[in-house]
>>> print(open('entry15.txt').read())   # compact mmCIF, C-alpha atoms and all ligand atoms
# COMPACT_ATOMS: atom_id res chain seq x y z
CA MET A 1 36.01 123.13 10.64
CA ASP A 2 39.62 124.23 10.18
CA LEU A 3 39.81 127.83 11.40
CA LYS A 4 43.48 128.27 10.62
CA PRO A 5 43.14 129.97 7.19
CA PHE A 6 40.50 132.34 8.62
CA GLN A 7 42.76 133.17 11.58
CA GLU A 8 45.65 133.76 9.19
CA ASN A 9 43.46 136.18 7.24
CA PHE A 10 42.81 138.08 10.46
CA TYR A 11 46.52 138.22 11.21
CA GLU A 12 47.35 139.46 7.70
CA ILE A 13 44.85 142.31 8.05
CA TYR A 14 45.38 143.36 11.66
CA LYS A 15 48.96 142.12 12.36
CA VAL A 16 47.76 140.62 15.65
CA GLN A 17 46.06 137.33 16.46
CA ALA A 18 42.29 137.15 17.00
CA THR A 19 41.44 136.18 20.57
CA GLY A 20 38.03 134.64 19.92
CA ILE A 21 35.24 133.75 17.52
CA ALA A 22 31.47 134.21 17.48
CA SER A 23 29.32 132.09 15.20
CA ALA A 24 25.59 132.42 14.46
CA PRO A 25 23.47 130.51 11.90
CA GLY A 26 20.94 131.44 9.24
CA ARG A 27 17.55 129.77 9.45
CA VAL A 28 14.83 128.08 7.49
CA ASN A 29 11.26 128.38 8.68
CA LEU A 30 9.37 125.08 8.42
CA ILE A 31 5.94 126.67 8.99
CA GLY A 32 4.40 129.77 10.65
CA GLU A 33 4.98 132.62 8.20
CA HIS A 34 4.22 136.27 9.01
CA THR A 35 2.85 135.19 12.37
CA ASP A 36 5.76 136.35 14.56
CA TYR A 37 4.88 140.07 14.54
CA ASN A 38 1.27 139.06 15.28
CA ALA A 39 2.34 137.45 18.59
CA GLY A 40 1.73 134.01 17.07
CA PHE A 41 3.60 130.72 16.58
CA VAL A 42 6.56 129.87 14.32
CA LEU A 43 8.59 126.69 13.75
CA PRO A 44 12.02 127.49 12.29
CA CYS A 45 15.26 125.53 12.51
CA ALA A 46 18.78 126.94 12.53
CA LEU A 47 20.95 125.97 9.56
CA ASN A 48 24.48 124.68 9.39
CA PHE A 49 25.20 127.73 7.22
CA LYS A 50 26.61 130.36 9.55
CA THR A 51 28.26 133.75 9.92
CA GLN A 52 31.51 133.73 11.86
CA VAL A 53 33.28 136.76 13.32
CA LEU A 54 36.87 136.66 14.56
CA PHE A 55 37.52 139.35 17.13
CA ARG A 56 40.09 141.05 19.27
CA ALA A 57 39.56 143.92 21.74
CA ARG A 58 41.31 147.20 21.02
CA THR A 59 42.65 149.57 23.63
CA ASP A 60 40.71 152.51 22.11
CA GLN A 61 37.00 152.76 21.30
CA ARG A 62 37.21 152.23 17.54
CA VAL A 63 35.55 149.33 15.82
CA THR A 64 37.20 148.19 12.58
CA VAL A 65 35.31 145.71 10.41
CA ARG A 66 36.39 143.69 7.39
CA SER A 67 34.55 140.91 5.58
CA LEU A 68 36.00 138.08 3.51
CA SER A 69 32.90 138.33 1.29
CA TYR A 70 33.72 141.99 0.40
CA PRO A 71 37.53 142.06 0.30
CA GLY A 72 37.85 145.61 -1.06
CA GLU A 73 35.64 147.20 1.60
CA SER A 74 36.03 148.04 5.26
CA ASP A 75 34.08 149.97 7.87
CA GLN A 76 35.19 151.88 10.94
CA PHE A 77 33.31 153.73 13.65
CA ASP A 78 33.79 154.95 17.18
CA VAL A 79 31.61 153.49 19.95
CA SER A 80 32.15 156.52 22.20
CA GLN A 81 30.34 158.71 19.59
CA PRO A 82 26.69 158.62 18.40
CA ILE A 83 26.47 155.86 15.75
CA VAL A 84 24.93 156.72 12.38
CA LYS A 85 24.65 154.82 9.09
CA GLY A 86 27.80 154.47 6.98
CA LYS A 87 28.36 153.64 3.31
CA SER A 88 28.72 149.88 3.57
CA GLN A 89 25.44 147.93 3.67
CA TRP A 90 26.90 144.97 5.60
CA GLY A 91 28.85 147.38 7.80
CA ASN A 92 25.54 149.01 8.72
CA TYR A 93 24.36 145.78 10.37
CA VAL A 94 27.43 145.92 12.61
CA ARG A 95 26.73 149.59 13.36
CA ALA A 96 23.03 148.79 13.97
CA VAL A 97 23.90 146.31 16.73
CA ALA A 98 26.42 148.68 18.33
CA TYR A 99 23.78 151.45 18.10
CA VAL A 100 21.07 149.52 19.97
CA LEU A 101 23.56 148.37 22.62
CA GLN A 102 24.60 152.00 23.06
CA GLN A 103 20.92 153.07 23.25
CA ALA A 104 20.35 150.41 25.93
CA GLY A 105 23.05 152.12 28.01
CA HIS A 106 25.88 149.62 27.56
CA VAL A 107 29.46 150.85 27.43
CA LEU A 108 31.22 149.12 24.53
CA SER A 109 34.90 148.52 24.02
CA GLY A 110 36.58 148.91 20.62
CA ALA A 111 37.38 145.85 18.54
CA ASP A 112 38.99 144.57 15.35
CA LEU A 113 36.56 142.25 13.54
CA LEU A 114 36.73 139.94 10.54
CA ILE A 115 33.52 138.44 9.15
CA ASP A 116 33.06 135.33 7.05
CA SER A 117 29.74 133.75 6.09
CA ASP A 118 28.39 130.86 4.05
CA VAL A 119 24.72 131.84 4.56
CA PRO A 120 23.34 132.43 1.03
CA GLN A 121 22.42 136.13 0.76
CA GLY A 122 19.10 137.39 -0.58
CA ALA A 123 17.62 133.89 -0.33
CA GLY A 124 15.35 134.62 2.64
CA LEU A 125 17.56 132.50 4.92
CA SER A 126 18.29 135.33 7.36
CA SER A 127 21.89 136.14 6.62
CA SER A 128 21.27 139.51 8.31
CA ALA A 129 20.00 137.97 11.58
CA ALA A 130 23.06 135.67 11.60
CA LEU A 131 25.34 138.70 11.29
CA GLU A 132 23.44 140.64 13.99
CA LEU A 133 23.62 137.76 16.43
CA ALA A 134 27.30 137.05 15.80
CA ILE A 135 28.13 140.74 16.32
CA GLY A 136 25.92 140.89 19.43
CA GLY A 137 27.81 137.85 20.71
CA VAL A 138 31.15 139.61 20.14
CA PHE A 139 30.18 142.78 22.04
CA ASN A 140 28.53 140.71 24.76
CA ALA A 141 31.82 138.86 25.32
CA LEU A 142 34.28 141.74 24.87
CA SER A 143 32.34 144.25 26.95
CA GLN A 144 31.21 141.64 29.51
CA LEU A 145 27.54 142.57 29.19
CA ASN A 146 26.15 139.21 30.43
CA LEU A 147 23.20 139.34 28.04
CA SER A 148 21.17 136.15 27.57
CA ALA A 149 20.51 134.57 24.17
CA THR A 150 16.96 135.97 24.22
CA GLU A 151 18.17 139.48 25.13
CA LEU A 152 20.67 139.36 22.26
CA ALA A 153 17.89 138.27 19.89
CA LEU A 154 15.67 141.16 21.01
CA LEU A 155 18.56 143.59 20.46
CA GLY A 156 19.09 142.14 16.97
CA GLN A 157 15.42 142.73 16.19
CA ARG A 158 15.66 146.31 17.50
CA ALA A 159 18.70 146.82 15.28
CA GLU A 160 16.50 145.96 12.27
CA ASN A 161 13.50 147.97 13.48
CA GLU A 162 15.30 151.12 14.66
CA PHE A 163 18.43 151.33 12.52
CA MET A 164 17.74 149.33 9.34
CA ASP A 165 14.07 150.46 8.93
CA CYS A 166 12.67 146.94 8.64
CA GLN A 167 9.75 146.22 10.99
CA CYS A 168 10.57 142.50 11.25
CA GLY A 169 9.41 140.19 14.02
CA ILE A 170 11.56 138.17 16.42
CA MET A 171 11.73 134.79 14.65
CA ASP A 172 15.00 135.09 12.74
CA GLN A 173 17.02 136.51 15.61
CA LEU A 174 15.60 134.12 18.21
CA ILE A 175 16.27 130.96 16.19
CA SER A 176 19.78 132.21 15.36
CA ALA A 177 20.34 132.71 19.10
CA LYS A 178 18.74 129.52 20.41
CA GLY A 179 18.68 126.89 17.66
CA ALA A 180 19.95 123.38 18.42
CA ALA A 181 21.37 120.67 16.16
CA ASP A 182 18.78 118.18 14.82
CA HIS A 183 15.87 120.20 16.22
CA ALA A 184 13.31 122.73 15.08
CA LEU A 185 12.23 125.37 17.61
CA LEU A 186 8.59 126.11 18.37
CA ILE A 187 8.45 129.77 19.41
CA ASP A 188 5.45 131.40 21.00
CA CYS A 189 6.10 134.98 19.92
CA GLN A 190 3.75 136.35 22.55
CA ASP A 191 5.94 135.47 25.53
CA LEU A 192 9.02 134.13 23.69
CA HIS A 193 8.57 130.71 25.27
CA THR A 194 10.48 128.14 23.18
CA GLU A 195 10.30 124.36 22.85
CA LEU A 196 12.81 122.23 20.96
CA VAL A 197 11.09 119.79 18.60
CA PRO A 198 13.28 116.87 17.40
CA LEU A 199 13.43 116.44 13.63
CA PRO A 200 12.91 112.75 12.76
CA ASP A 201 16.14 111.15 11.44
CA ASP A 202 14.42 109.74 8.40
CA LEU A 203 13.20 113.12 7.10
CA ALA A 204 15.28 115.45 4.94
CA VAL A 205 14.91 119.24 5.02
CA VAL A 206 15.65 120.67 1.57
CA ILE A 207 15.90 124.34 0.61
CA ILE A 208 15.51 125.44 -2.99
CA ASN A 209 16.52 129.06 -3.62
CA SER A 210 14.57 130.54 -6.53
CA ASN A 211 17.27 133.17 -7.22
CA TYR A 212 14.38 135.46 -8.17
CA PRO A 213 15.58 139.06 -7.77
CA ARG A 214 13.85 140.39 -4.65
CA LYS A 215 12.53 143.96 -4.91
CA LEU A 216 10.69 146.33 -2.55
CA VAL A 217 10.80 143.62 0.08
CA ASP A 218 10.97 145.89 3.13
CA SER A 219 8.20 148.26 2.03
CA GLU A 220 5.82 145.39 1.15
CA TYR A 221 6.72 143.68 4.42
CA ASN A 222 6.02 146.81 6.47
CA GLN A 223 2.66 147.20 4.66
CA ARG A 224 1.65 143.64 5.58
CA ARG A 225 2.47 144.34 9.19
CA ALA A 226 0.48 147.60 9.17
CA ALA A 227 -2.58 145.81 7.68
CA CYS A 228 -2.44 143.17 10.44
CA GLU A 229 -2.23 145.84 13.13
CA ALA A 230 -5.19 147.71 11.60
CA ALA A 231 -7.19 144.46 11.49
CA ALA A 232 -6.38 143.63 15.13
CA SER A 233 -7.45 147.09 16.20
CA LYS A 234 -10.80 146.84 14.32
CA LEU A 235 -11.37 143.40 15.85
CA GLY A 236 -10.72 144.84 19.31
CA VAL A 237 -7.81 142.48 20.14
CA ALA A 238 -4.25 143.30 21.20
CA SER A 239 -2.88 141.20 18.33
CA LEU A 240 -4.21 138.77 15.71
CA ARG A 241 -3.06 135.97 18.03
CA HIS A 242 -6.31 136.59 19.90
CA ALA A 243 -8.58 136.63 16.85
CA THR A 244 -10.60 133.63 15.63
CA LEU A 245 -11.70 132.78 12.11
CA GLU A 246 -15.33 133.45 13.10
CA MET A 247 -14.40 136.96 14.30
CA VAL A 248 -12.51 137.68 11.07
CA ASN A 249 -15.30 136.38 8.82
CA ALA A 250 -18.04 138.20 10.74
CA ASN A 251 -16.43 141.65 11.02
CA THR A 252 -17.79 144.08 8.45
CA SER A 253 -15.44 146.98 9.23
CA LEU A 254 -12.37 145.14 7.91
CA THR A 255 -11.38 146.01 4.35
CA ALA A 256 -11.23 143.05 1.96
CA THR A 257 -7.42 143.18 2.16
CA GLU A 258 -7.37 143.30 5.97
CA GLN A 259 -9.75 140.35 6.09
CA LYS A 260 -7.47 138.26 3.87
CA ARG A 261 -4.33 139.17 5.84
CA ALA A 262 -6.03 138.35 9.15
CA ARG A 263 -7.41 135.07 7.79
CA HIS A 264 -3.89 133.98 6.83
CA VAL A 265 -2.49 134.76 10.28
CA VAL A 266 -5.30 133.02 12.19
CA THR A 267 -5.21 129.86 10.05
CA GLU A 268 -1.39 129.78 9.94
CA ASN A 269 -1.14 129.84 13.74
CA ALA A 270 -3.37 126.74 13.91
CA ARG A 271 -1.24 125.04 11.24
CA VAL A 272 1.94 125.51 13.29
CA ILE A 273 0.46 123.72 16.28
CA ASP A 274 -0.83 120.91 14.05
CA ALA A 275 2.59 120.66 12.33
CA VAL A 276 4.35 120.18 15.67
CA ALA A 277 1.97 117.32 16.48
CA ALA A 278 2.58 115.82 13.01
CA LEU A 279 6.37 116.07 13.42
CA LYS A 280 6.24 114.42 16.83
CA LYS A 281 4.35 111.49 15.26
CA ALA A 282 6.56 111.59 12.11
CA ASP A 283 3.26 111.87 10.17
CA LEU A 284 4.63 113.01 6.82
CA ALA A 285 1.23 113.00 5.09
CA ALA A 286 -0.27 115.41 7.65
CA LEU A 287 2.81 117.62 7.58
CA SER A 288 2.77 117.79 3.77
CA GLN A 289 -0.89 118.76 3.76
CA LEU A 290 -0.26 121.57 6.28
CA MET A 291 2.67 122.86 4.20
CA ALA A 292 0.50 122.89 1.08
CA GLU A 293 -2.24 124.83 2.91
CA SER A 294 0.34 127.28 4.28
CA HIS A 295 1.65 128.02 0.80
CA GLN A 296 -1.85 128.48 -0.63
CA SER A 297 -2.69 130.90 2.16
CA LEU A 298 0.53 132.87 1.58
CA HIS A 299 -0.30 132.96 -2.13
CA LEU A 300 -3.99 133.87 -2.00
CA ASP A 301 -4.55 135.64 1.33
CA TYR A 302 -1.18 137.13 2.26
CA GLU A 303 -0.02 137.68 -1.34
CA VAL A 304 3.70 137.34 -0.68
CA THR A 305 4.53 134.58 -3.16
CA VAL A 306 5.78 135.26 -6.69
CA PRO A 307 5.44 133.08 -9.83
CA ALA A 308 8.99 131.78 -9.25
CA THR A 309 8.27 130.41 -5.76
CA ASP A 310 4.77 129.23 -6.77
CA THR A 311 6.32 127.30 -9.65
CA LEU A 312 9.01 125.71 -7.46
CA VAL A 313 6.38 124.63 -4.92
CA ARG A 314 4.08 123.21 -7.60
CA LEU A 315 6.93 121.28 -9.27
CA SER A 316 8.22 119.96 -5.94
CA GLN A 317 4.76 118.85 -4.83
CA ALA A 318 4.31 116.98 -8.11
CA VAL A 319 7.65 115.18 -7.67
CA LEU A 320 7.13 114.37 -3.99
CA GLY A 321 3.55 113.11 -4.22
CA ASN A 322 2.80 111.68 -0.79
CA GLU A 323 6.49 111.46 0.12
CA GLY A 324 6.81 115.04 1.35
CA GLY A 325 5.61 118.64 1.40
CA ALA A 326 6.76 121.98 0.00
CA ARG A 327 6.05 125.66 0.71
CA MET A 328 7.70 129.05 0.39
CA THR A 329 9.76 130.01 3.42
CA GLY A 330 10.71 133.37 4.95
CA GLY A 331 9.31 136.80 4.18
CA GLY A 332 8.48 136.05 0.53
CA PHE A 333 8.61 138.17 -2.65
CA GLY A 334 11.11 135.64 -3.99
CA GLY A 335 13.66 133.83 -1.85
CA ALA A 336 13.50 130.13 -1.16
CA ILE A 337 11.07 127.26 -0.72
CA VAL A 338 11.45 124.49 1.87
CA CYS A 339 10.64 120.82 1.34
CA ILE A 340 10.37 118.15 4.03
CA CYS A 341 10.60 114.71 2.48
CA LEU A 342 11.99 111.20 2.60
CA PRO A 343 15.75 111.24 1.85
CA GLU A 344 15.26 108.97 -1.18
CA ALA A 345 13.12 111.69 -2.83
CA VAL A 346 15.98 114.26 -2.81
CA PRO A 347 17.68 113.08 -6.06
CA ARG A 348 14.33 113.35 -7.86
CA LEU A 349 13.88 116.91 -6.60
CA ARG A 350 17.31 117.76 -7.94
CA GLU A 351 16.93 115.98 -11.29
CA GLN A 352 13.34 116.91 -12.10
CA VAL A 353 12.46 120.20 -10.35
CA LEU A 354 15.57 122.22 -11.20
CA PRO A 355 15.52 121.77 -15.02
CA ALA A 356 11.73 122.18 -15.19
CA TYR A 357 12.01 125.41 -13.18
CA THR A 358 14.63 126.78 -15.56
CA ALA A 359 12.45 125.86 -18.54
CA GLN A 360 9.38 127.55 -17.05
CA CYS A 361 10.86 130.60 -15.29
CA GLY A 362 14.16 131.20 -17.09
CA LEU A 363 16.08 131.20 -13.79
CA SER A 364 18.37 128.61 -12.28
CA ALA A 365 17.66 127.50 -8.72
CA ASP A 366 20.08 126.23 -6.04
CA LEU A 367 19.22 123.19 -3.94
CA TYR A 368 20.65 122.57 -0.46
CA VAL A 369 20.02 119.57 1.76
CA CYS A 370 20.36 121.01 5.21
CA GLN A 371 21.07 119.85 8.72
CA ALA A 372 19.52 121.69 11.65
CA GLY A 373 22.51 123.44 13.23
CA GLN A 374 23.53 125.03 16.50
CA GLY A 375 22.54 128.57 17.57
CA LEU A 376 24.95 131.34 18.63
CA THR A 377 28.27 130.29 20.16
CA VAL A 378 31.13 132.51 21.34
CA SER A 379 34.50 131.13 22.36
CA TYR A 380 38.01 132.33 23.15
CA PHE A 381 41.10 130.61 21.76
C1 LIG B 401 11.17 137.82 7.75
C2 LIG B 401 11.18 138.51 9.12
C3 LIG B 401 10.61 137.60 10.19
C4 LIG B 401 9.26 136.98 9.77
C5 LIG B 401 9.34 136.41 8.36
C6 LIG B 401 8.01 135.97 7.85
O1 LIG B 401 12.09 136.76 7.76
O2 LIG B 401 12.47 138.91 9.46
O3 LIG B 401 10.48 138.31 11.40
O4 LIG B 401 8.23 137.91 9.89
O5 LIG B 401 9.88 137.35 7.44
O6 LIG B 401 7.54 134.89 8.58
>>> encode(input="entry15.txt", output="structure tokens", more="lines below")
Ligand code: GLA
Amino acid sequence: MDLKPFQENFYEIYKVQATGIASAPGRVNLIGEHTDYNAGFVLPCALNFKTQVLFRARTDQRVTVRSLSYPGESDQFDVSQPIVKGKSQWGNYVRAVAYVLQQAGHVLSGADLLIDSDVPQGAGLSSSAALELAIGGVFNALSQLNLSATELALLGQRAENEFMDCQCGIMDQLISAKGAADHALLIDCQDLHTELVPLPDDLAVVIINSNYPRKLVDSEYNQRRAACEAAASKLGVASLRHATLEMVNANTSLTATEQKRARHVVTENARVIDAVAALKKADLAALSQLMAESHQSLHLDYEVTVPATDTLVRLSQAVLGNEGGARMTGGGFGGAIVCICLPEAVPRLREQVLPAYTAQCGLSADLYVCQAGQGLTVSYF
């Protein structure tokens, strides 16, 4: 990619040249939804959509932030002072990362930053994790903190949990930190062990963004997490990772809602492991079946789908037949669906699903054929 125009933008704003760039991707989760904060398994891949941050150290301790996506806005704060929320929502993600680094005892240097991103926002593709990781990468380099990719991911998650009030798990930050081109990443969220799983060349990964307006996402998300923790506690296990379907079905102290939430998590964990085996054998029929079951479970037991994503999945499944699978991806309550299919099926998805979706839901969807991209990189010019 030609960085020259972006570097010129930096120069126009700050009247000095940037000395380096950090880049971190968004993600799509292939399977394993709402399992990460239950110490379970997930199988995301990093996207070739990414957030890039040009940077230059300052001699004082001020951080100045601009974004090409919000040209009229800027944010500024001082890393030698306690960091609190500011007025800019995207600026708060930058502050959140600086805050958790400060809390962890790191001494940060000031910096001039310019952000650019092509990760679709509000689509459930983790544009916020991409920003957190890119910013973590900048501070790691400028302040010579020597943090590993996993440590940066954990700090990004803490930034969400402690500063942005979202009790998210580790998936989005860890895949943004450690993703690799042409691979999905199996993550065991109990010990953060990761395994790269090659994506077969002859399969396409397609994202269809419903463009359904997402509302109350964080509060619903935090409620799901609380129900899982209550269920684990009643089942006498440290997390739902250690529960079995028999335990969930037999326990009479669980509320009906807790039982449904726990059933989703337990069955979804098993589906992730089966999906990895199916991918390794390039068994598209098995993979499609697992994706269909995952979506049903998220619809009926976890109750995080909406008519827009249910419709997109139903239409895509009808078009793909036995040539691929479809399910909602990410936290839910709108956002995107993911399809894994033969490349020759992609034009039919575009030509048949998109108009039918508009006719049925009154919204227009965006379709992206994606390549699994590289995780966080930081380099100096
Ligand atoms: C959001 C969170 C993740 C994960 C997914 C659901 O993307 O940030 O930690 O819980 O939802 O799988």
>>> residues_near_ligand(input="entry15.txt", ligand="ligand LIG 401 (chain B)", cutoff="9 Å", atoms="all atoms listed in the file", output="PyMOL selection string")
chain A and resi 29+31-38+42+124-126+128-129+157+160+166-173+221+225+329-332
>>> residues_around(input="entry15.txt", residues="range 337-341 of chain A", least_positions_apart="3", cutoff="7 Å", atoms="all atoms listed in the file", output="JSON, numbers by chain")
{"A": [30, 203, 204, 205, 206, 207, 208, 209, 309, 313, 323, 324, 325, 326, 327, 328, 329, 345]}
>>> residues_around(input="entry15.txt", residues="Asn92 in chain A", least_positions_apart="4", cutoff="12 Å", atoms="all atoms listed in the file", output="list in words")
Val65, Ser74, Asp75, Gln76, Phe77, Ile83, Val84, Lys85, Gly86, Lys87, Ser88, Ala96, Val97, Ala98, Tyr99, Ser128, Leu131, Glu132, Ile135, Ala159, Glu160, Phe163, Met164 and Asp165 of chain A
>>> residues_around(input="entry15.txt", residues="Val319 in chain A", least_positions_apart="3", cutoff="8 Å", atoms="all atoms listed in the file", output="number ranges by chain")
A: 315-316, 348-349, 352-353
>>> residues_near_point(input="entry15.txt", point="(36.1, 150.4, 21.4)", cutoff="8 Å", atoms="only C-alpha atoms", output="short mmCIF file (atom, residue, chain, number, x, y, z; two decimals) with C-alpha atoms, in the frame of the given file")
data_model
loop_
_atom_site.label_atom_id
_atom_site.label_comp_id
_atom_site.auth_asym_id
_atom_site.auth_seq_id
_atom_site.Cartn_x
_atom_site.Cartn_y
_atom_site.Cartn_z
CA ALA A 57 39.56 143.92 21.74
CA ARG A 58 41.31 147.20 21.02
CA THR A 59 42.65 149.57 23.63
CA ASP A 60 40.71 152.51 22.11
CA GLN A 61 37.00 152.76 21.30
CA ARG A 62 37.21 152.23 17.54
CA VAL A 63 35.55 149.33 15.82
CA ASP A 78 33.79 154.95 17.18
CA VAL A 79 31.61 153.49 19.95
CA SER A 80 32.15 156.52 22.20
CA LEU A 108 31.22 149.12 24.53
CA SER A 109 34.90 148.52 24.02
CA GLY A 110 36.58 148.91 20.62
CA ALA A 111 37.38 145.85 18.54
#
>>> closest_residue(input="entry15.txt", among="A:Asp182, A:Glu162, A:Glu73, A:Asp116", to="Gly373 in chain A", atoms="all atoms listed in the file")
A:Asp182
>>> closest_atom_pairs(input="entry15.txt", of="range 40-100 of chain A", to="range 273-290 of chain A", cutoff="12 Å", atoms="all atoms listed in the file", output="JSON lines")
{"residue": "A:Gly40", "atom": "CA", "partner": "A:Ile273", "partner_atom": "CA", "distance": 10.4}
{"residue": "A:Phe41", "atom": "CA", "partner": "A:Ile273", "partner_atom": "CA", "distance": 7.7}
{"residue": "A:Val42", "atom": "CA", "partner": "A:Ile273", "partner_atom": "CA", "distance": 8.9}
{"residue": "A:Leu43", "atom": "CA", "partner": "A:Val276", "partner_atom": "CA", "distance": 8.0}
{"residue": "A:Pro44", "atom": "CA", "partner": "A:Val276", "partner_atom": "CA", "distance": 11.1}
>>> atom_distance(input="entry15.txt", atom1="CA of Leu196 in chain A", atom2="CA of Leu47 in chain A")
14.5 Å
>>> atom_distance(input="entry15.txt", atom1="CA of Asp188 in chain A", atom2="CA of Val272 in chain A")
10.3 Å
>>> closest_residue(input="entry15.txt", among="A:Ala104, A:Arg66, A:Ala231, A:Asn146", to="Glu12 in chain A", atoms="all atoms listed in the file")
A:Arg66
>>> residues_around(input="entry15.txt", residues="range 149-155 of chain A", least_positions_apart="6", cutoff="8 Å", atoms="all atoms listed in the file", output="ChimeraX atom specification")
/A:97,100-101,133,136-137,170,173-174,176-178,376
>>> atom_distance(input="entry15.txt", atom1="CA of Ala359 in chain A", atom2="CA of Phe333 in chain A")
20.5 Å
>>> closest_residue(input="entry15.txt", among="A:Cys189, A:Val217, A:Val306, A:Ile21", to="Arg241 in chain A", atoms="all atoms listed in the file")
A:Cys189
>>> decode(input="entry15.txt", residues="range 16-33 of chain A", atoms="N, CA and C atoms", output="mmCIF file, in the first residue's frame")
data_model
loop_
_atom_site.group_PDB
_atom_site.id
_atom_site.type_symbol
_atom_site.label_atom_id
_atom_site.label_comp_id
_atom_site.auth_asym_id
_atom_site.auth_seq_id
_atom_site.Cartn_x
_atom_site.Cartn_y
_atom_site.Cartn_z
ATOM 1 N N VAL A 16 5.888 18.064 10.964
ATOM 2 C CA VAL A 16 7.083 17.204 11.096
ATOM 3 C C VAL A 16 6.729 15.866 10.443
ATOM 4 N N GLN A 17 7.760 15.084 10.120
ATOM 5 C CA GLN A 17 7.487 13.768 9.521
ATOM 6 C C GLN A 17 7.192 12.745 10.612
ATOM 7 N N ALA A 18 6.283 11.803 10.301
ATOM 8 C CA ALA A 18 6.086 10.660 11.210
ATOM 9 C C ALA A 18 7.344 9.805 11.169
ATOM 10 N N THR A 19 7.662 9.156 12.294
ATOM 11 C CA THR A 19 8.853 8.297 12.294
ATOM 12 C C THR A 19 8.496 6.823 12.161
ATOM 13 N N GLY A 20 7.206 6.473 12.360
ATOM 14 C CA GLY A 20 6.858 5.059 12.248
ATOM 15 C C GLY A 20 5.370 4.852 12.089
ATOM 16 N N ILE A 21 4.999 3.587 11.913
ATOM 17 C CA ILE A 21 3.583 3.243 11.719
ATOM 18 C C ILE A 21 3.250 1.944 12.432
ATOM 19 N N ALA A 22 2.088 1.926 13.088
ATOM 20 C CA ALA A 22 1.572 0.684 13.684
ATOM 21 C C ALA A 22 0.298 0.332 12.940
ATOM 22 N N SER A 23 0.086 -0.959 12.723
ATOM 23 C CA SER A 23 -1.069 -1.400 11.950
ATOM 24 C C SER A 23 -1.664 -2.637 12.616
ATOM 25 N N ALA A 24 -2.982 -2.608 12.864
ATOM 26 C CA ALA A 24 -3.628 -3.772 13.494
ATOM 27 C C ALA A 24 -4.979 -4.011 12.813
ATOM 28 N N PRO A 25 -5.329 -5.301 12.576
ATOM 29 C CA PRO A 25 -6.523 -5.613 11.796
ATOM 30 C C PRO A 25 -7.794 -5.763 12.633
ATOM 31 N N GLY A 26 -8.953 -5.647 11.950
ATOM 32 C CA GLY A 26 -10.218 -6.116 12.508
ATOM 33 C C GLY A 26 -10.255 -7.635 12.370
ATOM 34 N N ARG A 27 -11.371 -8.221 12.773
ATOM 35 C CA ARG A 27 -11.442 -9.690 12.704
ATOM 36 C C ARG A 27 -12.836 -10.162 12.323
ATOM 37 N N VAL A 28 -12.884 -11.390 11.810
ATOM 38 C CA VAL A 28 -14.173 -12.059 11.690
ATOM 39 C C VAL A 28 -14.042 -13.374 12.445
ATOM 40 N N ASN A 29 -15.072 -13.699 13.222
ATOM 41 C CA ASN A 29 -15.015 -14.961 13.956
ATOM 42 C C ASN A 29 -15.727 -16.036 13.141
ATOM 43 N N LEU A 30 -15.004 -17.128 12.839
ATOM 44 C CA LEU A 30 -15.605 -18.184 12.015
ATOM 45 C C LEU A 30 -16.586 -19.015 12.832
ATOM 46 N N ILE A 31 -16.211 -19.321 14.073
ATOM 47 C CA ILE A 31 -17.125 -20.042 14.986
ATOM 48 C C ILE A 31 -16.562 -19.943 16.410
ATOM 49 N N GLY A 32 -17.466 -20.089 17.417
ATOM 50 C CA GLY A 32 -17.038 -19.965 18.819
ATOM 51 C C GLY A 32 -17.471 -18.591 19.325
ATOM 52 N N GLU A 33 -18.795 -18.416 19.465
ATOM 53 C CA GLU A 33 -19.318 -17.093 19.830
ATOM 54 C C GLU A 33 -19.748 -17.074 21.292
#
